[in-house]
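Pasting query.txt here (compact mmCIF, C-alpha atoms):
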```txt
# COMPACT_ATOMS: atom_id res chain seq x y z
CA MET A 535 -24.71 -13.43 -5.39
CA ARG A 536 -26.10 -12.24 -2.07
CA VAL A 537 -22.84 -10.43 -1.21
CA LYS A 538 -22.84 -8.53 -4.53
CA LYS A 539 -26.46 -7.55 -3.98
CA GLN A 540 -25.71 -6.17 -0.52
CA LYS A 541 -22.76 -4.20 -1.88
CA ARG A 542 -24.92 -2.63 -4.60
CA HIS A 543 -27.56 -1.68 -2.06
CA ARG A 544 -24.96 -0.24 0.31
CA ARG A 545 -23.45 1.90 -2.44
CA ALA A 546 -26.85 3.21 -3.50
CA VAL A 547 -27.80 4.11 0.09
CA THR A 548 -24.46 5.89 0.58
CA PHE A 549 -25.04 7.85 -2.63
CA TYR A 550 -28.45 9.10 -1.50
CA LYS A 551 -27.17 9.92 1.99
CA ALA A 552 -24.15 11.87 0.74
CA CYS A 553 -25.74 13.69 -2.22
CA PHE A 554 -29.36 14.23 -1.14
CA GLY A 555 -29.24 14.25 2.67
CA PHE A 556 -31.14 11.07 3.54
CA ARG A 557 -30.99 10.23 7.27
CA GLU A 558 -32.03 7.35 9.49
CA PRO A 559 -34.68 6.18 10.17
CA PHE A 560 -35.55 5.97 6.48
CA LYS A 561 -39.12 6.76 5.41
CA ILE A 562 -40.66 4.31 2.91
CA PHE A 563 -43.68 5.40 0.87
CA CYS A 564 -45.65 2.26 -0.12
CA ASP A 565 -48.32 2.11 -2.79
CA GLY A 566 -51.15 -0.44 -3.10
CA THR A 567 -49.36 -2.69 -5.60
CA PHE A 568 -46.37 -3.15 -3.28
CA VAL A 569 -48.51 -3.85 -0.19
CA ASN A 570 -50.62 -6.38 -2.14
CA TYR A 571 -47.51 -8.17 -3.48
CA VAL A 572 -45.83 -8.35 -0.05
CA VAL A 573 -48.96 -9.77 1.60
CA GLY A 574 -49.49 -12.31 -1.18
CA ASN A 575 -45.89 -13.61 -0.97
CA HIS A 576 -45.83 -13.64 2.87
CA ILE A 577 -42.98 -11.15 3.14
CA THR A 578 -42.60 -9.13 6.33
CA PRO A 579 -41.86 -5.66 4.91
CA ASP A 580 -40.21 -4.18 8.01
CA THR A 581 -37.44 -6.74 8.38
CA ALA A 582 -36.92 -7.12 4.61
CA LEU A 583 -36.51 -3.37 4.10
CA GLU A 584 -34.18 -3.04 7.10
CA ASN A 585 -32.00 -5.82 5.65
CA ILE A 586 -31.53 -4.16 2.26
CA LEU A 587 -31.10 -0.61 3.62
CA GLY A 588 -29.08 -1.50 6.71
CA ALA A 589 -31.04 0.82 9.03
CA THR A 590 -34.38 1.23 10.76
CA VAL A 591 -37.35 2.19 8.59
CA LYS A 592 -40.85 3.66 8.89
CA LEU A 593 -43.56 2.69 6.39
CA PHE A 594 -46.11 5.23 5.15
CA VAL A 595 -49.26 5.22 3.02
CA THR A 596 -51.82 7.91 2.14
CA ARG A 597 -55.59 7.98 2.28
CA CYS A 598 -55.71 7.80 -1.51
CA VAL A 599 -53.77 4.48 -1.42
CA LEU A 600 -56.14 3.08 1.23
CA ALA A 601 -59.16 4.16 -0.80
CA GLU A 602 -57.73 2.51 -3.94
CA LEU A 603 -57.18 -0.80 -2.11
CA LYS A 604 -60.70 -0.61 -0.72
CA SER A 605 -62.18 -0.01 -4.18
CA LEU A 606 -60.21 -2.98 -5.60
CA GLY A 607 -61.53 -5.27 -2.86
CA LYS A 608 -58.10 -6.24 -1.52
CA SER A 609 -59.15 -6.84 2.08
CA GLU A 610 -55.91 -8.45 3.31
CA ALA A 611 -53.75 -5.74 1.73
CA LEU A 612 -56.12 -3.06 3.10
CA ASN A 613 -55.83 -4.42 6.64
CA ALA A 614 -52.03 -4.56 6.35
CA ALA A 615 -51.90 -0.99 4.96
CA LYS A 616 -54.02 0.33 7.82
CA ASN A 617 -51.32 -0.80 10.27
CA LEU A 618 -48.82 1.54 8.56
CA CYS A 619 -48.35 5.24 9.26
CA THR A 620 -50.55 7.61 7.28
CA ALA A 621 -48.91 10.53 5.50
CA ARG A 622 -50.90 13.66 4.69
CA CYS A 623 -51.56 14.13 1.00
CA GLY A 624 -54.07 17.02 1.24
CA HIS A 625 -56.45 15.58 -1.35
CA GLU A 626 -60.12 16.09 -0.52
CA ARG A 627 -61.20 13.93 -3.43
CA ARG A 628 -59.59 10.60 -3.97
CA LYS A 629 -56.90 10.39 -6.64
CA SER A 630 -55.06 7.45 -8.08
CA ALA A 631 -52.08 6.17 -6.12
CA GLU A 632 -49.70 7.19 -8.91
CA ASP A 633 -50.90 10.81 -9.02
CA CYS A 634 -50.98 11.02 -5.22
CA ILE A 635 -47.41 9.75 -4.87
CA THR A 636 -46.01 12.08 -7.55
CA GLU A 637 -47.66 15.10 -5.91
CA VAL A 638 -46.39 14.18 -2.44
CA ILE A 639 -42.87 13.61 -3.76
CA GLY A 640 -42.89 16.90 -5.68
CA GLU A 641 -39.99 18.16 -7.76
CA ASN A 642 -37.12 17.40 -5.36
CA ASN A 643 -38.48 14.96 -2.72
CA SER A 644 -38.09 17.40 0.18
CA GLU A 645 -39.35 14.79 2.68
CA HIS A 646 -36.68 12.24 1.60
CA PHE A 647 -39.02 9.33 0.88
CA PHE A 648 -38.03 5.93 -0.49
CA VAL A 649 -40.85 4.81 -2.82
CA ALA A 650 -41.80 1.12 -2.81
CA THR A 651 -43.93 0.16 -5.82
CA GLN A 652 -44.51 -2.60 -8.34
CA ASP A 653 -45.77 -0.21 -11.03
CA ALA A 654 -43.17 -0.09 -13.82
CA ASP A 655 -44.47 3.20 -15.28
CA LEU A 656 -44.32 4.88 -11.87
CA ARG A 657 -40.76 3.62 -11.36
CA ARG A 658 -39.65 5.10 -14.70
CA SER A 659 -41.25 8.47 -13.94
CA LEU A 660 -39.66 8.61 -10.47
CA GLN A 661 -36.18 8.00 -11.91
CA LYS A 662 -36.49 11.35 -13.69
CA ILE A 663 -36.89 13.15 -10.33
CA PRO A 664 -33.63 13.84 -8.46
CA GLY A 665 -33.23 12.17 -5.09
CA VAL A 666 -36.02 9.54 -5.29
CA PRO A 667 -34.80 5.97 -4.54
CA VAL A 668 -37.14 3.23 -5.74
CA ILE A 669 -37.71 -0.21 -4.15
CA PHE A 670 -39.46 -3.13 -5.83
CA ALA A 671 -39.96 -6.85 -5.18
CA VAL A 672 -39.09 -9.89 -7.29
CA ARG A 673 -40.39 -13.25 -6.07
CA ASN A 674 -39.51 -13.37 -2.38
CA ALA A 675 -36.80 -10.69 -2.35
CA LEU A 676 -36.72 -6.90 -2.32
CA PHE A 677 -34.39 -4.80 -4.47
CA LEU A 678 -33.22 -1.19 -4.40
CA GLU A 679 -32.80 0.31 -7.86
CA GLN A 680 -29.46 1.90 -8.63
CA PRO A 681 -29.45 5.69 -9.14
CA SER A 682 -30.30 6.65 -12.70
CA SER A 683 -27.94 8.56 -14.98
CA PHE A 684 -30.12 11.66 -14.59
CA GLN A 685 -29.83 11.52 -10.80
CA ARG A 686 -26.06 11.05 -10.93
CA GLN A 687 -25.66 13.98 -13.34
CA PHE A 688 -27.85 16.17 -11.14
CA ALA A 689 -25.77 15.30 -8.07
CA LYS A 690 -22.55 16.10 -9.94
CA SER A 691 -23.81 19.47 -11.20
CA SER A 692 -25.15 20.45 -7.77
CA GLU A 693 -21.77 19.59 -6.24
CA GLU A 694 -20.00 21.83 -8.77
CA GLU A 695 -22.42 24.66 -7.99
CA ARG A 696 -21.64 24.34 -4.28
CA LEU A 697 -17.91 24.61 -5.01
CA HIS A 698 -18.29 27.92 -6.94
CA MET A 699 -19.56 31.23 -5.59
CA THR A 700 -22.92 32.59 -6.64
CA ASP A 701 -23.41 36.17 -7.83
CA LEU A 702 -24.91 37.14 -4.48
CA GLU A 703 -21.94 35.74 -2.56
CA TYR A 704 -19.50 37.49 -4.95
CA ASN A 705 -21.21 40.86 -4.43
CA MET A 706 -21.21 40.37 -0.66
CA LEU A 707 -17.47 39.61 -0.77
CA ARG A 708 -16.77 42.80 -2.76
CA GLN A 709 -18.72 44.89 -0.26
CA MET A 710 -16.79 43.35 2.63
CA LYS A 711 -13.48 44.21 0.94
CA LYS A 712 -14.57 47.84 0.38
CA ARG A 713 -15.60 48.18 4.03
CA ARG A 714 -12.28 46.76 5.20
CA LEU A 715 -10.30 49.18 2.98
CA SER A 716 -12.31 52.15 4.23
CA ASP A 717 -11.77 51.06 7.86
CA ASP A 718 -8.01 50.77 7.23
CA LYS A 719 -7.91 54.30 5.76
CA GLN A 720 -9.80 55.70 8.73
CA GLY A 721 -7.41 53.90 11.06
CA ASP A 722 -4.36 55.41 9.30
CA SER A 723 -5.83 58.91 9.48
CA SER A 724 -6.60 58.51 13.19
CA VAL A 725 -3.02 57.32 13.86
CA ALA A 726 -1.61 60.33 12.00
CA SER A 727 -3.79 62.74 14.01
CA GLU A 728 -2.66 61.09 17.26
CA GLU A 729 1.00 61.52 16.25
CA LYS A 730 0.40 65.22 15.55
CA ILE A 731 -1.17 65.68 18.98
CA ILE A 732 1.81 63.96 20.64
CA ASP A 733 4.29 66.24 18.79
CA VAL A 734 2.38 69.35 19.87
CA SER A 735 2.30 68.24 23.51
CA GLN A 736 6.04 67.52 23.46
CA ALA A 737 6.74 70.97 22.01
CA GLN A 738 4.68 72.58 24.79
CA ILE A 739 6.67 70.68 27.43
CA ILE A 740 9.98 71.86 25.92
CA ASN A 741 8.80 75.47 25.93
CA THR A 742 7.86 75.30 29.59
CA ASN A 743 11.29 73.87 30.46
CA VAL A 744 13.00 76.70 28.56
CA LYS A 745 11.01 79.34 30.42
CA ARG A 746 11.78 77.72 33.76
CA ASN A 747 15.56 77.65 33.20
CA GLY A 748 15.78 81.00 31.47
CA SER A 749 17.91 79.55 28.68
CA ASP A 750 17.66 77.28 25.65
CA VAL A 751 19.36 74.41 27.48
CA LYS A 752 17.04 71.60 28.37
CA ASP A 753 16.83 70.16 31.87
CA LYS A 754 18.91 67.11 32.51
CA VAL A 755 17.05 63.88 32.67
CA ARG A 756 16.73 62.80 36.27
CA PHE A 757 16.85 59.11 36.90
CA LYS A 758 15.34 57.61 39.97
CA ARG A 759 17.90 56.15 42.31
CA LYS A 760 17.20 52.76 43.70
CA LYS A 761 17.05 52.82 47.47
CA ALA A 762 18.80 50.14 49.47
CA LYS A 763 16.34 47.53 50.52
CA GLY A 764 16.49 45.42 53.65
CA PRO A 765 17.78 41.87 53.60
CA ASN A 766 15.56 39.02 52.58
CA PRO A 767 13.96 37.71 55.79
CA LEU A 768 14.12 34.17 54.48
CA SER A 769 17.90 34.29 53.98
CA VAL A 770 18.70 35.72 57.44
CA LEU A 771 19.53 33.20 60.19
CA LYS A 772 17.50 33.39 63.35
CA LYS A 773 19.26 34.47 66.55
CA LYS A 774 19.99 31.69 69.03
CA LYS A 775 18.58 32.04 72.51
CA LYS A 776 21.04 32.42 75.43
CA SER A 777 21.03 29.37 77.70
CA ALA A 778 21.62 29.91 81.44
CA ASP A 779 24.58 27.73 82.34
CA THR A 780 25.68 27.53 86.00
CA ASN A 781 29.28 26.70 85.07
CA GLU A 782 29.70 29.94 83.02
CA LYS A 783 31.13 33.04 84.68
CA LYS A 784 31.54 36.56 83.45
CA VAL A 785 35.00 38.03 83.68
CA ASN A 786 35.37 41.83 83.63
CA THR A 787 38.12 43.17 81.46
CA ASP A 788 39.06 46.55 80.09
CA GLU A 789 37.42 45.80 76.78
CA GLY A 790 34.23 44.39 78.24
CA THR A 791 32.67 41.35 79.74
CA VAL A 792 33.82 38.00 78.41
CA LYS A 793 32.23 34.67 79.12
CA ARG A 794 34.56 31.91 80.23
CA LYS A 795 33.65 28.33 80.75
CA ARG A 796 34.88 26.52 83.85
CA LYS A 797 36.32 23.15 83.02
CA ARG A 798 36.01 20.32 85.45
CA LYS A 799 39.28 18.47 86.09
CA ARG A 800 39.23 14.77 86.69
CA ARG A 801 41.85 13.11 88.91
CA LYS A 802 43.96 10.55 87.22
CA THR A 803 44.28 7.23 89.11
CA SER A 804 47.72 5.70 89.20
CA HIS A 805 48.71 2.03 89.52
CA LYS A 806 49.83 2.61 93.12
CA ASP A 807 46.45 3.95 94.19
CA VAL A 808 44.74 0.90 92.66
CA VAL A 809 46.98 -1.50 94.60
CA GLU A 810 46.45 0.32 97.91
CA GLY A 811 42.72 0.22 97.39
CA ILE A 812 42.83 -3.53 96.93
CA HIS A 813 44.82 -4.11 100.15
CA GLN A 814 42.45 -1.90 102.12
```

Mind turning this structure into structure tokens?
Amino acid sequence: MRVKKQKRHRRAVTFYKACFGFREPFKIFCDGTFVNYVVGNHITPDTALENILGATVKLFVTRCVLAELKSLGKSEALNAAKNLCTARCGHERRKSAEDCITEVIGENNSEHFFVATQDADLRRSLQKIPGVPVIFAVRNALFLEQPSSFQRQFAKSSEEERLHMTDLEYNMLRQMKKRRLSDDKQGDSSVASEEKIIDVSQAQIINTNVKRNGSDVKDKVRFKRKKAKGPNPLSVLKKKKKSADTNEKKVNTDEGTVKRKRKRKRRKTSHKDVVEGIHQ
């Protein structure tokens, strides 16, 4: 049973968040009947409301609600209500809690209040206002009422209106199309004028060439010849330095000087020389 209850509450919260823009932390508007019931049944409203809504909450009352509790002589409920946040109602003279709440909520609940009340008449009247979730208590548990059929129909119709264009948006779109077509026409005319200017300039160049040559034959097109570039310095091998060798000699010839290396000859030792060395 508890799991089904949590699922219903989660669906209702998701509906109000998606269709009417409710955001965390949720604001709870409490009237005197709800505060009196919670205090009498020893229910901590903060934790109980956070459990059913699944998010942090802020509790609010108005001066009219405090004045009503004071006039009824509910001292414990009055002390508990004074610990809550006070919302401005703008009433100089005290009104009943029901009238005060309906005026603060207005026609579309722009402040996104959850209303917690035990008044059955007030709950029925709030279900006829779009985007007003209602919370009530039964024994030691709190419940979130499911969205009414009126609220669901209002959400559906508002969603369809968002999908279709309004008359103002349609007129703006038509004006944008007209401006774009006029800009395209101006662009085409400017391109045509530029082409005419280019043709005239080319004709002037041809006439000058004819005058220069003295005939109707045009000058030949002269292409630029590519000059030979030097070798890539990275691909050229570096020159090796000449090493001064004492064994090298320069020999003069008819063609020029040629370097010739002098080889050193080693004497070969024979078997006879080895034997004589041993005897000596």

*If you measure from atom CA of Arg657 of chain A to atom CA of Ala671 of chain A, what distance in Å do you get, rounded to one decimal?*
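Atom CA of Ala671 of chain A lies 12.2 Å from atom CA of Arg657 of chain A.
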
*For Gln540 of chain A, which of A:Gln652, A:Thr620, A:Leu676, A:Ala611 is the closest residue, counting all atoms listed in the file?*
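Closest candidate: A:Leu676.
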
*May I ask which of the residues A:Lys561, A:Lys592, A:Lys761, A:Lys629 is the closest one to His646 of chain A, counting only C-alpha atoms?*
A:Lys561

Draw an axis-aligned box over all listed atoms of segment 626-639 of chain A, pad each side with 6 Å, and write its centre and edge lengths in Å, one decimal, as JSON.
```
{"center_x": -52.0, "center_y": 11.1, "center_z": -4.8, "size_x": 30.3, "size_y": 21.9, "size_z": 20.5}
```

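Among A:Val638, A:Leu593, A:Ala675, A:Val569, the residue with the shortest atom-to-atom distance to Glu610 of chain A, counting only C-alpha atoms, is A:Val569.
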
*Hey, what's within 10 Å of Pro559 of chain A if we count all atoms listed in the file and toss same-chain stuff fewer than 3 positions away? As an MDAnalysis selection string, please?*
chainID A and resid 556 562 584 589:592

Given the selection you just returned, output its residues as a file containing C-alpha atoms, formatted as a PDB file, in the coordinates of the input.
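Result written to result.pdb:
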```pdb
ATOM      1  CA  PHE A 556     -31.140  11.070   3.540  1.00  0.00           C
ATOM      2  CA  ILE A 562     -40.660   4.310   2.910  1.00  0.00           C
ATOM      3  CA  GLU A 584     -34.180  -3.040   7.100  1.00  0.00           C
ATOM      4  CA  ALA A 589     -31.040   0.820   9.030  1.00  0.00           C
ATOM      5  CA  THR A 590     -34.380   1.230  10.760  1.00  0.00           C
ATOM      6  CA  VAL A 591     -37.350   2.190   8.590  1.00  0.00           C
ATOM      7  CA  LYS A 592     -40.850   3.660   8.890  1.00  0.00           C
TER       8      LYS A 592
END
```

*When distances are computed from all atoms listed in the file, which of A:Ala614, A:Val547, A:Leu583, A:Cys564 shows the smallest separation from Ala650 of chain A?*
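Looking at the shortest contact to Ala650 of chain A, the residue is A:Cys564.
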
*Minimum-distance residue to Ser691 of chain A, chosen among A:Lys711, A:Lys763, A:Ile586, A:Pro664 (using only C-alpha atoms)*: A:Pro664

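In this model, the gap between atom CA of Lys616 of chain A and atom CA of Glu632 of chain A comes to 18.6 Å.
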
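Of the listed residues A:Val573, A:Cys553, A:Ile639, A:Leu678, the one whose atoms come nearest to Ser659 of chain A is A:Ile639, with distances taken using all atoms listed in the file.
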
*Between atom CA of Phe670 of chain A and atom CA of Asn642 of chain A, what is the distance, to one decimal in Å?*
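Atom CA of Phe670 of chain A sits 20.7 Å away from atom CA of Asn642 of chain A.
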